[in-house]
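Structure, as structure tokens:
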Amino acid sequence: MLKNRIKLVAKGFCVGSADVVPGVSGGTLAFILGIYPQLINAIKSFDSEWLRMIMSFNIKGIINRPHFGFLIPLGIGAVSALLFFTRVVPLPTLIRTQPEIIYGLFFGLVLGSIVILFRHLGLSLLLKRVLFLIVGIMFGGFVVTMVPESTPDDTWFIFLCGAVAISAMILPGISGSFILLMLKKYAYIFNAIGHFDFSIIIPFVFGIITGVIIFSRLLSYLLKRFYQQTILFITGLLIASLYVIWPFQTRLYEIIRDKERLVSSVPYIPEGISHQILISIVMMIIGLALVFVLDRYSDEVGEIRN
């Protein structure tokens, strides 16, 4: 039991690490680590029955119904990662100063997970349901390249931003912060949080709650009823996300709330081999190797064929 808890803390640390990197979704790492279905079910456990238990002061039910045994160690790991990579090892700074190295690792992780998924899917199943993979790639490609000129500041749109951003964080392949950047509301919302502007914070938070409630249940239903198709669609999203986390990009930063934030990036192919590029390639290989090692200790991906 203790060993399983320690493993969950370690996996939570990996998920939290991904959330620090712009363009990388914590859901992606949860998927790679084989805990994605558990995460969705754990989020879904906060349901109307649990609310009724709260209203009736059913203490035993309040404690036992949600999957706290899964969420608490996972949350401890995620929070530890956020603190470690912002206070001890300044990952946000390293992303700006050494982006090829940091993104190289995550590119290798995502690429490795795609290879593993293809291997477990098998050629026959892949060809049989390839349409779902193509739709996932097209949808993911549309999302990561969609850059609207402007968006409204109305309450309904802030609510929508919260719902869409949290849904993106849950969904592998798409980053919630990246969604806010695309919706032109990253600075707007973070400024509101910094200045405690509750006229913006409240609809955003309600959007997050709504997104979690609806989207987690939708994903749980799809994974239960259409597991293979959903996995192929998610694999398509992962393939599309490679465009965003390709290490070699021309990145544009802006000052938002007195901090430099990534607002756009355009990938390119390096013309020569430098020391930095070699290190990035090594990090890609390390990311690939980590996924292959993790696959040996994960039972989740093996269920795809069933």
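Naming works like this for the structure tokens: A, B, ... for the chains as they're shown, residue 1 at the start of each chain, ligands 1 onward in shown order.
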
Contacts of stretch 216-290 of chain A with stretch 25-37 of chain A up to 8 Å, shortest pair per row, only C-alpha atoms, as a Markdown table:
| residue | atom | partner | partner_atom | distance |
| --- | --- | --- | --- | --- |
| A:Ser220 | CA | A:Pro37 | CA | 7.3 |
| A:Leu223 | CA | A:Pro37 | CA | 7.5 |
| A:Leu238 | CA | A:Thr28 | CA | 7.6 |

Just write the chosen residues, C-alpha atoms, as a PDB file, in the first residue's frame.
ATOM      1  CA  SER A 220     -15.299   8.788 -18.567  1.00  0.00           C
ATOM      2  CA  LEU A 223     -13.431   5.710 -22.294  1.00  0.00           C
ATOM      3  CA  LEU A 238      -0.641  13.952 -28.981  1.00  0.00           C
TER       4      LEU A 238
END

Identify, on the basis of only C-alpha atoms, every residue whose closest approach to stretch 160-166 of chain A does not exceed 6 Å; exclude the query and any residue fewer than 4 positions from it along the same chain; express the result as a ChimeraX atom specification. /A:176,179,204,207-208,211

Serialized selection, C-alpha atoms, as an mmCIF file, in the first residue's frame:
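What landed in selection.cif:
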data_model
loop_
_atom_site.group_PDB
_atom_site.id
_atom_site.type_symbol
_atom_site.label_atom_id
_atom_site.label_comp_id
_atom_site.auth_asym_id
_atom_site.auth_seq_id
_atom_site.Cartn_x
_atom_site.Cartn_y
_atom_site.Cartn_z
ATOM 1 C CA GLY A 176 -4.792 25.015 -20.542
ATOM 2 C CA ILE A 179 -5.723 27.773 -24.682
ATOM 3 C CA PHE A 204 -13.741 32.057 -14.537
ATOM 4 C CA GLY A 207 -16.341 27.960 -15.704
ATOM 5 C CA ILE A 208 -13.559 25.738 -14.340
ATOM 6 C CA GLY A 211 -15.764 22.220 -17.236
#

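Nearest to A:Phe46 of all the residues A:Val15, A:Ile63, A:Ile273, A:Leu290 is A:Ile63, counting only C-alpha atoms.
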
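Once A:Arg217 and its same-chain neighbours fewer than 6 positions away are set aside, Ile40, Asn41, Ile43 and Lys44 of chain A remain within 9 Å of it when counting only C-alpha atoms.
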
For the selection you just gave me, I'd like the residues written to a file as a PDB file, in the first residue's frame, keeping N, CA and C atoms.
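Result file follows (again_38.pdb):
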ATOM      1  N   ILE A  40      -9.557  10.564 -14.384  1.00  0.00           N
ATOM      2  CA  ILE A  40     -10.891  10.985 -14.814  1.00  0.00           C
ATOM      3  C   ILE A  40     -11.957  10.466 -13.856  1.00  0.00           C
ATOM      4  N   ASN A  41     -11.853   9.196 -13.463  1.00  0.00           N
ATOM      5  CA  ASN A  41     -12.827   8.609 -12.539  1.00  0.00           C
ATOM      6  C   ASN A  41     -12.751   9.264 -11.166  1.00  0.00           C
ATOM      7  N   ILE A  43     -11.849  12.412 -10.529  1.00  0.00           N
ATOM      8  CA  ILE A  43     -12.506  13.721 -10.644  1.00  0.00           C
ATOM      9  C   ILE A  43     -14.015  13.558 -10.673  1.00  0.00           C
ATOM     10  N   LYS A  44     -14.475  12.527 -11.381  1.00  0.00           N
ATOM     11  CA  LYS A  44     -15.908  12.277 -11.513  1.00  0.00           C
ATOM     12  C   LYS A  44     -16.554  11.852 -10.192  1.00  0.00           C
TER      13      LYS A  44
END

Among listed residues A:Phe13, A:Ser241, A:Ile6, A:His195, nearest A:Leu83 (using only C-alpha atoms): A:Phe13

Let's see if you can do this: from backbone DSSP, list all strand (DSSP E) residues in stretch 212-296 of chain A, as a ChimeraX atom specification. /A:249-256,259-267

Nearest residue to A:Leu127 out of A:Leu232, A:Val143, A:Val115, A:Val205, using only C-alpha atoms?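 Ranking A:Leu232, A:Val143, A:Val115, A:Val205 by distance to A:Leu127, first place goes to A:Leu232.
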
Could you give me, as a VMD selection string, the residues within 6 Å of stretch 103-106 of chain A, counting only C-alpha atoms and dropping anything in the same chain fewer than 3 positions from it? chain A and resid 99 to 100 109 245 247 280 283 to 284 287

I'd like the neighbourhood of A:Ser17 as a PDB file with C-alpha atoms, in the first residue's frame, where a residue qualifies if any of its atoms comes within 7 Å (using only C-alpha atoms), though same-chain residues fewer than 3 positions away should be ignored.
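Listed below is the output, result10.pdb:
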ATOM      1  CA  PHE A  13       5.368  15.042  -9.506  1.00  0.00           C
ATOM      2  CA  CYS A  14       5.694  14.264 -13.227  1.00  0.00           C
ATOM      3  CA  VAL A  20       4.981  24.270 -15.494  1.00  0.00           C
ATOM      4  CA  ALA A  81       6.706  19.613  -8.501  1.00  0.00           C
ATOM      5  CA  LEU A  82       5.234  23.093  -8.890  1.00  0.00           C
TER       6      LEU A  82
END

Nearest to A:Ile158, chosen from A:Val135, A:Val266, A:Leu171, A:Ile202, with only C-alpha atoms counted in the distances: A:Ile202

Would you mind writing down, as a ChimeraX atom specification, each residue of stretch 195-251 of chain A that DSSP on the backbone assigns to helix (DSSP H, G or I)? /A:198-225,227-245

Quick one: everything within 7 Å of A:Ser45, counting only C-alpha atoms, minus sequence neighbours fewer than 5 positions away in the same chain. Send it as JSON, numbers by chain. {"A": [65, 66, 67]}

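Among the candidate residues A:Val212, A:Tyr253, A:Pro73, A:Asp154, the one lying nearest to A:Thr97 is A:Tyr253, with distances computed using only C-alpha atoms.
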
A:Leu51 environment, 10 Å, only C-alpha atoms, sequence neighbours closer than 5 positions dropped, as an MDAnalysis selection string: chainID A and resid 46 56:58 61:62

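With distances restricted to only C-alpha atoms, A:Ala10 is the closest residue to A:Ser80 from A:Ala10, A:Met53, A:Val244, A:Ile285.
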
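We find atom CA of A:Leu71 and atom CA of A:Lys11 to be spaced 11.2 Å apart.
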